[in-house]
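J.: Next comes entry_15.txt, compact mmCIF, N, CA and C atoms:
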# COMPACT_ATOMS: atom_id res chain seq x y z
N MET W 1 -21.87 24.65 19.33
CA MET W 1 -22.66 23.47 19.00
C MET W 1 -23.73 23.80 17.95
N PHE W 2 -24.31 25.00 18.07
CA PHE W 2 -25.34 25.40 17.11
C PHE W 2 -24.83 25.35 15.67
N GLU W 3 -23.62 25.84 15.47
CA GLU W 3 -23.06 25.85 14.11
C GLU W 3 -22.87 24.43 13.57
N LYS W 4 -22.48 23.51 14.43
CA LYS W 4 -22.31 22.11 14.02
C LYS W 4 -23.65 21.49 13.63
N VAL W 5 -24.66 21.71 14.46
CA VAL W 5 -26.00 21.17 14.18
C VAL W 5 -26.56 21.81 12.92
N LYS W 6 -26.38 23.11 12.80
CA LYS W 6 -26.86 23.83 11.62
C LYS W 6 -26.21 23.27 10.35
N SER W 7 -24.92 23.02 10.42
CA SER W 7 -24.19 22.46 9.29
C SER W 7 -24.74 21.09 8.89
N ILE W 8 -25.07 20.26 9.87
CA ILE W 8 -25.65 18.94 9.60
C ILE W 8 -27.01 19.10 8.92
N LEU W 9 -27.82 20.01 9.42
CA LEU W 9 -29.16 20.24 8.85
C LEU W 9 -29.07 20.72 7.40
N VAL W 10 -28.10 21.57 7.12
CA VAL W 10 -27.94 22.09 5.76
C VAL W 10 -27.36 21.01 4.84
N ASP W 11 -26.30 20.35 5.30
CA ASP W 11 -25.60 19.36 4.45
C ASP W 11 -26.40 18.09 4.24
N GLU W 12 -27.00 17.58 5.30
CA GLU W 12 -27.67 16.28 5.22
C GLU W 12 -29.13 16.36 4.79
N LEU W 13 -29.83 17.41 5.21
CA LEU W 13 -31.26 17.50 4.92
C LEU W 13 -31.59 18.60 3.90
N GLN W 14 -30.54 19.26 3.39
CA GLN W 14 -30.69 20.31 2.38
C GLN W 14 -31.68 21.41 2.81
N LEU W 15 -31.61 21.78 4.08
CA LEU W 15 -32.45 22.87 4.57
C LEU W 15 -31.78 24.21 4.28
N ASN W 16 -32.57 25.27 4.20
CA ASN W 16 -32.02 26.61 3.99
C ASN W 16 -31.38 27.10 5.27
N GLU W 17 -30.14 27.53 5.15
CA GLU W 17 -29.37 27.98 6.31
C GLU W 17 -30.09 29.10 7.07
N GLU W 18 -30.73 30.02 6.34
CA GLU W 18 -31.37 31.16 7.00
C GLU W 18 -32.63 30.77 7.77
N ASP W 19 -33.18 29.58 7.49
CA ASP W 19 -34.37 29.11 8.23
C ASP W 19 -34.02 28.51 9.59
N ILE W 20 -32.74 28.18 9.76
CA ILE W 20 -32.33 27.44 10.97
C ILE W 20 -31.92 28.40 12.07
N THR W 21 -32.73 28.44 13.13
CA THR W 21 -32.42 29.23 14.31
C THR W 21 -32.55 28.30 15.52
N LEU W 22 -32.09 28.75 16.66
CA LEU W 22 -32.22 27.93 17.87
C LEU W 22 -33.67 27.67 18.21
N GLU W 23 -34.54 28.65 17.91
CA GLU W 23 -35.95 28.53 18.26
C GLU W 23 -36.77 27.76 17.22
N ALA W 24 -36.18 27.49 16.05
CA ALA W 24 -36.92 26.82 14.97
C ALA W 24 -37.35 25.42 15.39
N GLU W 25 -38.64 25.14 15.20
CA GLU W 25 -39.15 23.80 15.51
C GLU W 25 -38.85 22.88 14.33
N LEU W 26 -38.37 21.69 14.64
CA LEU W 26 -37.94 20.77 13.61
C LEU W 26 -39.07 20.43 12.64
N VAL W 27 -40.25 20.14 13.16
CA VAL W 27 -41.38 19.73 12.30
C VAL W 27 -42.13 20.94 11.77
N ASN W 28 -42.58 21.81 12.66
CA ASN W 28 -43.45 22.92 12.25
C ASN W 28 -42.74 23.99 11.42
N ASP W 29 -41.50 24.32 11.79
CA ASP W 29 -40.80 25.40 11.09
C ASP W 29 -39.90 24.90 9.96
N LEU W 30 -39.23 23.78 10.19
CA LEU W 30 -38.27 23.28 9.20
C LEU W 30 -38.84 22.17 8.32
N GLY W 31 -40.01 21.65 8.69
CA GLY W 31 -40.66 20.64 7.86
C GLY W 31 -39.99 19.28 7.86
N ILE W 32 -39.27 18.96 8.92
CA ILE W 32 -38.59 17.67 9.01
C ILE W 32 -39.61 16.57 9.31
N ASN W 33 -39.56 15.51 8.52
CA ASN W 33 -40.45 14.36 8.77
C ASN W 33 -39.71 13.31 9.59
N SER W 34 -40.39 12.23 9.94
CA SER W 34 -39.80 11.23 10.83
C SER W 34 -38.58 10.55 10.21
N LEU W 35 -38.59 10.35 8.91
CA LEU W 35 -37.45 9.73 8.24
C LEU W 35 -36.23 10.65 8.28
N GLU W 36 -36.47 11.93 8.03
CA GLU W 36 -35.38 12.90 8.08
C GLU W 36 -34.84 13.05 9.50
N LEU W 37 -35.73 12.98 10.48
CA LEU W 37 -35.28 13.05 11.87
C LEU W 37 -34.39 11.85 12.20
N ALA W 38 -34.77 10.68 11.72
CA ALA W 38 -33.95 9.48 11.93
C ALA W 38 -32.57 9.66 11.29
N ASP W 39 -32.53 10.23 10.09
CA ASP W 39 -31.25 10.51 9.42
C ASP W 39 -30.42 11.48 10.24
N LEU W 40 -31.06 12.52 10.73
CA LEU W 40 -30.38 13.52 11.55
C LEU W 40 -29.77 12.88 12.79
N ILE W 41 -30.53 12.03 13.45
CA ILE W 41 -30.05 11.35 14.65
C ILE W 41 -28.85 10.47 14.33
N MET W 42 -28.94 9.72 13.23
CA MET W 42 -27.83 8.84 12.85
C MET W 42 -26.56 9.63 12.56
N VAL W 43 -26.70 10.74 11.87
CA VAL W 43 -25.53 11.57 11.56
C VAL W 43 -24.93 12.14 12.84
N CYS W 44 -25.77 12.61 13.76
CA CYS W 44 -25.28 13.13 15.04
C CYS W 44 -24.56 12.03 15.83
N GLU W 45 -25.13 10.84 15.84
CA GLU W 45 -24.51 9.73 16.57
C GLU W 45 -23.13 9.41 16.00
N GLU W 46 -23.02 9.40 14.68
CA GLU W 46 -21.73 9.12 14.04
C GLU W 46 -20.74 10.25 14.28
N LYS W 47 -21.19 11.47 14.05
CA LYS W 47 -20.31 12.63 14.14
C LYS W 47 -19.77 12.86 15.56
N PHE W 48 -20.63 12.63 16.56
CA PHE W 48 -20.23 12.90 17.94
C PHE W 48 -19.90 11.62 18.71
N ASN W 49 -19.95 10.47 18.03
CA ASN W 49 -19.61 9.18 18.63
C ASN W 49 -20.42 8.93 19.91
N ILE W 50 -21.74 9.06 19.77
CA ILE W 50 -22.66 8.88 20.90
C ILE W 50 -23.82 8.00 20.47
N GLU W 51 -24.65 7.63 21.42
CA GLU W 51 -25.89 6.94 21.11
C GLU W 51 -27.04 7.72 21.74
N ILE W 52 -28.04 8.02 20.94
CA ILE W 52 -29.17 8.82 21.40
C ILE W 52 -30.36 7.88 21.58
N GLY W 53 -30.90 7.83 22.79
CA GLY W 53 -32.02 6.95 23.09
C GLY W 53 -33.33 7.42 22.49
N ASP W 54 -34.23 6.48 22.25
CA ASP W 54 -35.54 6.81 21.68
C ASP W 54 -36.31 7.81 22.54
N ASP W 55 -36.23 7.66 23.85
CA ASP W 55 -36.93 8.58 24.75
C ASP W 55 -36.41 10.00 24.60
N ASP W 56 -35.09 10.12 24.37
CA ASP W 56 -34.49 11.44 24.20
C ASP W 56 -34.90 12.08 22.88
N ILE W 57 -35.02 11.27 21.84
CA ILE W 57 -35.39 11.79 20.52
C ILE W 57 -36.76 12.46 20.59
N ARG W 58 -37.66 11.92 21.36
CA ARG W 58 -39.01 12.49 21.47
C ARG W 58 -39.01 13.89 22.08
N LYS W 59 -37.92 14.23 22.78
CA LYS W 59 -37.81 15.55 23.41
C LYS W 59 -37.25 16.60 22.45
N PHE W 60 -36.83 16.18 21.26
CA PHE W 60 -36.26 17.12 20.29
C PHE W 60 -37.38 17.84 19.54
N ILE W 61 -37.74 19.02 20.02
CA ILE W 61 -38.78 19.82 19.39
C ILE W 61 -38.15 20.95 18.57
N THR W 62 -37.16 21.60 19.16
CA THR W 62 -36.48 22.71 18.48
C THR W 62 -35.02 22.37 18.22
N VAL W 63 -34.38 23.19 17.40
CA VAL W 63 -32.95 23.04 17.14
C VAL W 63 -32.19 23.18 18.46
N SER W 64 -32.65 24.07 19.32
CA SER W 64 -32.02 24.29 20.62
C SER W 64 -32.02 23.01 21.47
N ASP W 65 -33.11 22.23 21.39
CA ASP W 65 -33.19 20.97 22.15
C ASP W 65 -32.05 20.03 21.76
N ILE W 66 -31.76 19.95 20.46
CA ILE W 66 -30.69 19.08 19.98
C ILE W 66 -29.35 19.61 20.46
N CYS W 67 -29.13 20.92 20.32
CA CYS W 67 -27.87 21.53 20.74
C CYS W 67 -27.62 21.31 22.23
N ASP W 68 -28.64 21.56 23.05
CA ASP W 68 -28.50 21.38 24.50
C ASP W 68 -28.16 19.93 24.84
N TYR W 69 -28.84 19.00 24.19
CA TYR W 69 -28.61 17.57 24.44
C TYR W 69 -27.16 17.19 24.09
N LEU W 70 -26.70 17.62 22.93
CA LEU W 70 -25.35 17.27 22.49
C LEU W 70 -24.29 17.94 23.37
N GLU W 71 -24.56 19.16 23.82
CA GLU W 71 -23.61 19.85 24.70
C GLU W 71 -23.47 19.12 26.04
N LYS W 72 -24.58 18.60 26.56
CA LYS W 72 -24.52 17.85 27.82
C LYS W 72 -23.68 16.60 27.67
N LEU W 73 -23.81 15.92 26.55
CA LEU W 73 -23.04 14.70 26.33
C LEU W 73 -21.57 14.99 26.06
N ALA W 74 -21.29 16.15 25.51
CA ALA W 74 -19.91 16.50 25.18
C ALA W 74 -19.10 16.84 26.43
N ASN W 75 -19.78 17.21 27.50
CA ASN W 75 -19.06 17.61 28.73
C ASN W 75 -18.71 16.43 29.60
Take the structure in this file and express it as structure tokens.

T.:
Amino acid sequence: MFEKVKSILVDELQLNEEDITLEAELVNDLGINSLELADLIMVCEEKFNIEIGDDDIRKFITVSDICDYLEKLAN
């Protein structure tokens, strides 16, 4: 799942691949703003055919948070 999320971050938000780790914080480490986060959520929803609730989005602090969330929905 990490590789899929990493690929989305690189392709959609033009982030540097080497900056993306499981522990990387979306805002503090990767510099993602609210608009970019919305784009990321939309791409994940389309790619994985899911819907992510607003309450869940607020819990996305690190790349790992997104991976864990998507893995739970995939099972």

J.: Under the rule that only C-alpha atoms are counted, which of W:Glu71, W:Glu18, W:Asp65, W:Glu25 is the nearest residue to W:Met1?

T.: W:Glu71

J.: Could you check the closest approach to W:Asp19 for each of W:Phe48, W:Ser64, W:Lys6, W:Asn75 and tell me which residue wins, using only C-alpha atoms?

T.: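 Comparing W:Phe48, W:Ser64, W:Lys6, W:Asn75 against W:Asp19, the winner is W:Lys6.
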
J.: Rounded to one decimal in Å, what is the spacing between atom CA of W:Leu70 and atom CA of W:Asn16?

T.: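 Going from atom CA of W:Leu70 over to atom CA of W:Asn16 covers 21.8 Å.
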
J.: May I ask for the distance between atom CA of W:Leu9 and atom CA of W:Ile50, given in Å to one decimal place?

T.: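 Taking atom CA of W:Leu9 as the start and atom CA of W:Ile50 as the end point, the length is 17.8 Å.
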
J.: Nearest residue to W:Ala74 out of W:Ile20, W:Cys44, W:Leu26, W:Ala38, using only C-alpha atoms?

T.: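 Nearest to W:Ala74: W:Cys44.
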
J.: Expressed in Å to a single decimal, how great is the separation between atom N of W:Ile52 and atom C of W:Glu3?

T.: 18.7 Å

J.: Which residues, written as a ChimeraX atom specification, have at least one atom at most 8 Å from W:Glu36, with all atoms listed in the file counted and residues fewer than 5 positions away on the same chain left out?

T.: /W:12-13,31,41-42

J.: Using only C-alpha atoms, which protein or nucleic acid residues come within 8 Å of W:Phe2? Drop anything in the same chain fewer than 5 positions from it, and give the result as a ChimeraX atom specification.

T.: /W:22,63-64,67

J.: Write out as a PyMOL selection string all residues of chain W that backbone DSSP assigns to helix (DSSP H, G or I).

T.: chain W and resi 2-13+17-19+34-48+54-57+63-74

J.: Excluding same-chain residues fewer than 5 positions from stretch 58-61 of chain W, what lies within 10 Å of it counting only C-alpha atoms, as a VMD selection string?

T.: chain W and resid 23 to 28 37 53 66 to 69

J.: Find the residue from W:Thr62, W:Glu45, W:Asp55, W:Leu73 that sits nearest to W:Ile32; use only C-alpha atoms when measuring.

T.: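 Using only C-alpha atoms, the shortest distance to W:Ile32 belongs to W:Thr62.
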
J.: Would you compute the box with edges along x, y and z of the file around stretch 4-23 of chain W, including every atom the file lists for it and 4 Å extra on each side, and give its centre and edge lengths in Å to one decimal, as JSON?

T.:
{"center_x": -29.5, "center_y": 23.7, "center_z": 10.3, "size_x": 22.5, "size_y": 22.9, "size_z": 23.9}
